[in-house]
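K.L.:
Quick one, start36.pdb (PDB, C-alpha atoms, pLDDT in the B column):
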```
ATOM      1  CA  MET T1384      10.631   7.558  -9.065  1.00 93.00           C
ATOM      2  CA  LYS T1385      13.610   5.233  -8.755  1.00 96.00           C
ATOM      3  CA  CYS T1386      13.003   1.619  -7.747  1.00 97.00           C
ATOM      4  CA  PRO T1387      14.249   1.043  -4.179  1.00 96.00           C
ATOM      5  CA  TYR T1388      15.461  -2.445  -5.225  1.00 96.00           C
ATOM      6  CA  CYS T1389      17.285  -1.981  -8.546  1.00 97.00           C
ATOM      7  CA  LEU T1390      17.401   1.858  -8.784  1.00 97.00           C
ATOM      8  CA  LYS T1391      15.903   1.899 -12.317  1.00 97.00           C
ATOM      9  CA  GLU T1392      13.135   4.325 -13.260  1.00 97.00           C
ATOM     10  CA  MET T1393       9.615   3.124 -12.363  1.00 96.00           C
ATOM     11  CA  ARG T1394       6.378   3.758 -14.251  1.00 96.00           C
ATOM     12  CA  LYS T1395       3.835   5.963 -12.468  1.00 95.00           C
ATOM     13  CA  GLY T1396       0.256   4.789 -12.088  1.00 94.00           C
ATOM     14  CA  MET T1397      -2.359   4.090  -9.411  1.00 90.00           C
ATOM     15  CA  VAL T1398      -2.958   1.300  -6.926  1.00 88.00           C
ATOM     16  CA  LYS T1399      -6.660   0.591  -6.329  1.00 82.00           C
ATOM     17  CA  ILE T1400      -7.944  -1.673  -3.584  1.00 78.00           C
ATOM     18  CA  GLY T1401     -10.961  -3.690  -4.698  1.00 68.00           C
ATOM     19  CA  GLU T1402     -14.078  -2.458  -2.939  1.00 62.00           C
ATOM     20  CA  SER T1403     -17.007  -4.649  -1.924  1.00 57.00           C
ATOM     21  CA  THR T1404     -20.539  -3.694  -2.895  1.00 59.00           C
ATOM     22  CA  LEU T1405     -21.378  -2.454   0.603  1.00 63.00           C
ATOM     23  CA  ASN T1406     -17.851  -1.132   1.257  1.00 58.00           C
ATOM     24  CA  ILE T1407     -17.781  -2.704   4.733  1.00 63.00           C
ATOM     25  CA  PHE T1408     -15.132  -5.418   4.314  1.00 62.00           C
ATOM     26  CA  ASN T1409     -12.271  -3.632   2.620  1.00 70.00           C
ATOM     27  CA  THR T1410      -9.875  -1.531   4.604  1.00 75.00           C
ATOM     28  CA  VAL T1411      -6.257  -0.696   3.977  1.00 81.00           C
ATOM     29  CA  THR T1412      -4.321  -0.545   7.215  1.00 83.00           C
ATOM     30  CA  TRP T1413      -0.645  -0.170   8.096  1.00 82.00           C
ATOM     31  CA  TYR T1414       0.736  -1.799  11.235  1.00 85.00           C
ATOM     32  CA  PRO T1415       4.228  -1.291  12.678  1.00 88.00           C
ATOM     33  CA  GLU T1416       6.408  -4.384  12.609  1.00 89.00           C
ATOM     34  CA  GLU T1417       6.355  -4.831  16.399  1.00 90.00           C
ATOM     35  CA  GLU T1418       2.530  -5.048  16.344  1.00 87.00           C
ATOM     36  CA  LEU T1419       2.251  -7.774  13.675  1.00 88.00           C
ATOM     37  CA  ASP T1420       2.245 -10.803  15.995  1.00 89.00           C
ATOM     38  CA  LYS T1421      -0.215  -9.319  18.484  1.00 87.00           C
ATOM     39  CA  LYS T1422      -3.883 -10.311  18.416  1.00 85.00           C
ATOM     40  CA  ILE T1423      -4.967  -6.843  19.516  1.00 86.00           C
ATOM     41  CA  ARG T1424      -2.972  -4.158  17.763  1.00 84.00           C
ATOM     42  CA  LYS T1425      -2.847  -0.794  19.481  1.00 88.00           C
ATOM     43  CA  GLU T1426      -1.121   1.187  16.754  1.00 86.00           C
ATOM     44  CA  TYR T1427      -2.344   1.390  13.166  1.00 84.00           C
ATOM     45  CA  VAL T1428      -3.046   3.864  10.372  1.00 88.00           C
ATOM     46  CA  ARG T1429      -6.123   3.602   8.132  1.00 85.00           C
ATOM     47  CA  LEU T1430      -5.331   4.431   4.533  1.00 85.00           C
ATOM     48  CA  ASN T1431      -7.336   5.577   1.514  1.00 83.00           C
ATOM     49  CA  PHE T1432      -8.322   2.896  -1.016  1.00 82.00           C
ATOM     50  CA  ASN T1433      -6.701   4.545  -4.039  1.00 86.00           C
ATOM     51  CA  ALA T1434      -3.104   5.671  -4.058  1.00 89.00           C
ATOM     52  CA  GLU T1435      -0.316   6.855  -6.270  1.00 91.00           C
ATOM     53  CA  GLY T1436       1.785   3.893  -7.306  1.00 93.00           C
ATOM     54  CA  TYR T1437       4.881   2.990  -9.279  1.00 95.00           C
ATOM     55  CA  TYR T1438       5.729  -0.232 -11.120  1.00 96.00           C
ATOM     56  CA  CYS T1439       9.247  -1.491 -11.881  1.00 96.00           C
ATOM     57  CA  ASP T1440       9.438  -3.437 -15.155  1.00 96.00           C
ATOM     58  CA  GLU T1441      12.829  -4.848 -14.113  1.00 97.00           C
ATOM     59  CA  CYS T1442      11.920  -6.152 -10.604  1.00 96.00           C
ATOM     60  CA  MET T1443       8.164  -6.528 -11.232  1.00 96.00           C
ATOM     61  CA  LYS T1444       7.473  -4.798  -7.915  1.00 95.00           C
ATOM     62  CA  VAL T1445       4.945  -2.112  -7.020  1.00 94.00           C
ATOM     63  CA  VAL T1446       5.633   0.752  -4.647  1.00 94.00           C
ATOM     64  CA  SER T1447       2.660   2.786  -3.481  1.00 92.00           C
ATOM     65  CA  ILE T1448       2.195   6.012  -1.577  1.00 90.00           C
ATOM     66  CA  PHE T1449      -1.038   5.939   0.452  1.00 88.00           C
ATOM     67  CA  ASP T1450      -2.580   8.941   2.197  1.00 89.00           C
ATOM     68  CA  GLU T1451      -4.022   8.517   5.660  1.00 86.00           C
ATOM     69  CA  LYS T1452      -7.817   8.456   5.705  1.00 81.00           C
TER      70      LYS T1452
END
```
Reformat the file's structure so that it appears as structure tokens.

P.N.:
Amino acid sequence: MKCPYCLKEMRKGMVKIGESTLNIFNTVTWYPEEELDKKIRKEYVRLNFNAEGYYCDECMKVVSIFDEK
């Protein structure tokens, strides 16, 4: 995958979200930009904890592709 910032090739790997012992505190959620400042968000997508990811050695950025839960 090409880095969206510098267009160099990225290294493929995995992004893992740290899970708590009881797995009740950790959630990965995406919110649209227009919902960010609202206290009650109507639109969101819950995502799986582990996802395909790519790391750019040049920019030191991670890009991840999460599947919806």

K.L.:
Around (-0.8, 8.9, -9.8), as given in the file, which residues come within 7 Å? Count only C-alpha atoms and list them as JSON, numbers by chain.

P.N.:
{"T": [1395, 1396, 1397, 1434, 1435, 1436]}

K.L.:
Calculated over only C-alpha atoms, which of the candidates T:Glu1426, T:Glu1418, T:Glu1441, T:Glu1451 has the smallest distance to T:Cys1389?

P.N.:
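For T:Cys1389, the nearest of the candidates is T:Glu1441.
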
K.L.:
Report the distance between atom CA of T:Glu1416 and atom CA of T:Val1446 in Å, rounded to one decimal place.

P.N.:
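About the pair atom CA of T:Glu1416 and atom CA of T:Val1446: they are 18.0 Å apart.
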
K.L.:
Ranking T:Met1443, T:Ile1400, T:Leu1390, T:Leu1419 by minimum distance to T:Asn1431 and counting only C-alpha atoms, which one comes first?

P.N.:
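Of all the options, T:Ile1400 lies closest to T:Asn1431.
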
K.L.:
May I ask which of the residues T:Lys1452, T:Ile1423, T:Thr1412, T:Glu1392 is the closest one to T:Asp1440, counting only C-alpha atoms?

P.N.:
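For T:Asp1440, the nearest of the candidates is T:Glu1392.
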
K.L.:
Using the chain letters and numbers from the file, which residues does the PyMOL selection byres ((chain T and resi 1445) around 9) grab, as a list in words?

P.N.:
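Output from the PyMOL selection byres ((chain T and resi 1445) around 9), applied to this file: Cys1386, Met1393, Val1398, Gly1436, Tyr1437, Tyr1438, Cys1439, Cys1442, Met1443, Lys1444, Val1446 and Ser1447 of chain T.
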
K.L.:
Include C-alpha atoms and write out the residues we just selected as a PDB file, in the coordinates of the input.

P.N.:
```pdb
ATOM      1  CA  CYS T1386      13.003   1.619  -7.747  1.00 97.00           C
ATOM      2  CA  MET T1393       9.615   3.124 -12.363  1.00 96.00           C
ATOM      3  CA  VAL T1398      -2.958   1.300  -6.926  1.00 88.00           C
ATOM      4  CA  GLY T1436       1.785   3.893  -7.306  1.00 93.00           C
ATOM      5  CA  TYR T1437       4.881   2.990  -9.279  1.00 95.00           C
ATOM      6  CA  TYR T1438       5.729  -0.232 -11.120  1.00 96.00           C
ATOM      7  CA  CYS T1439       9.247  -1.491 -11.881  1.00 96.00           C
ATOM      8  CA  CYS T1442      11.920  -6.152 -10.604  1.00 96.00           C
ATOM      9  CA  MET T1443       8.164  -6.528 -11.232  1.00 96.00           C
ATOM     10  CA  LYS T1444       7.473  -4.798  -7.915  1.00 95.00           C
ATOM     11  CA  VAL T1446       5.633   0.752  -4.647  1.00 94.00           C
ATOM     12  CA  SER T1447       2.660   2.786  -3.481  1.00 92.00           C
TER      13      SER T1447
END
```

K.L.:
Can you work out the spacing between atom CA of T:Val1411 and atom CA of T:Ile1448 in Å, to one decimal?

P.N.:
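Taking atom CA of T:Val1411 and atom CA of T:Ile1448, their separation equals 12.1 Å.
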
K.L.:
So what do you get for atom CA of T:Lys1399 versus atom CA of T:Arg1424, distance-wise?

P.N.:
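We find that atom CA of T:Lys1399 and atom CA of T:Arg1424 lie 24.8 Å from each other.
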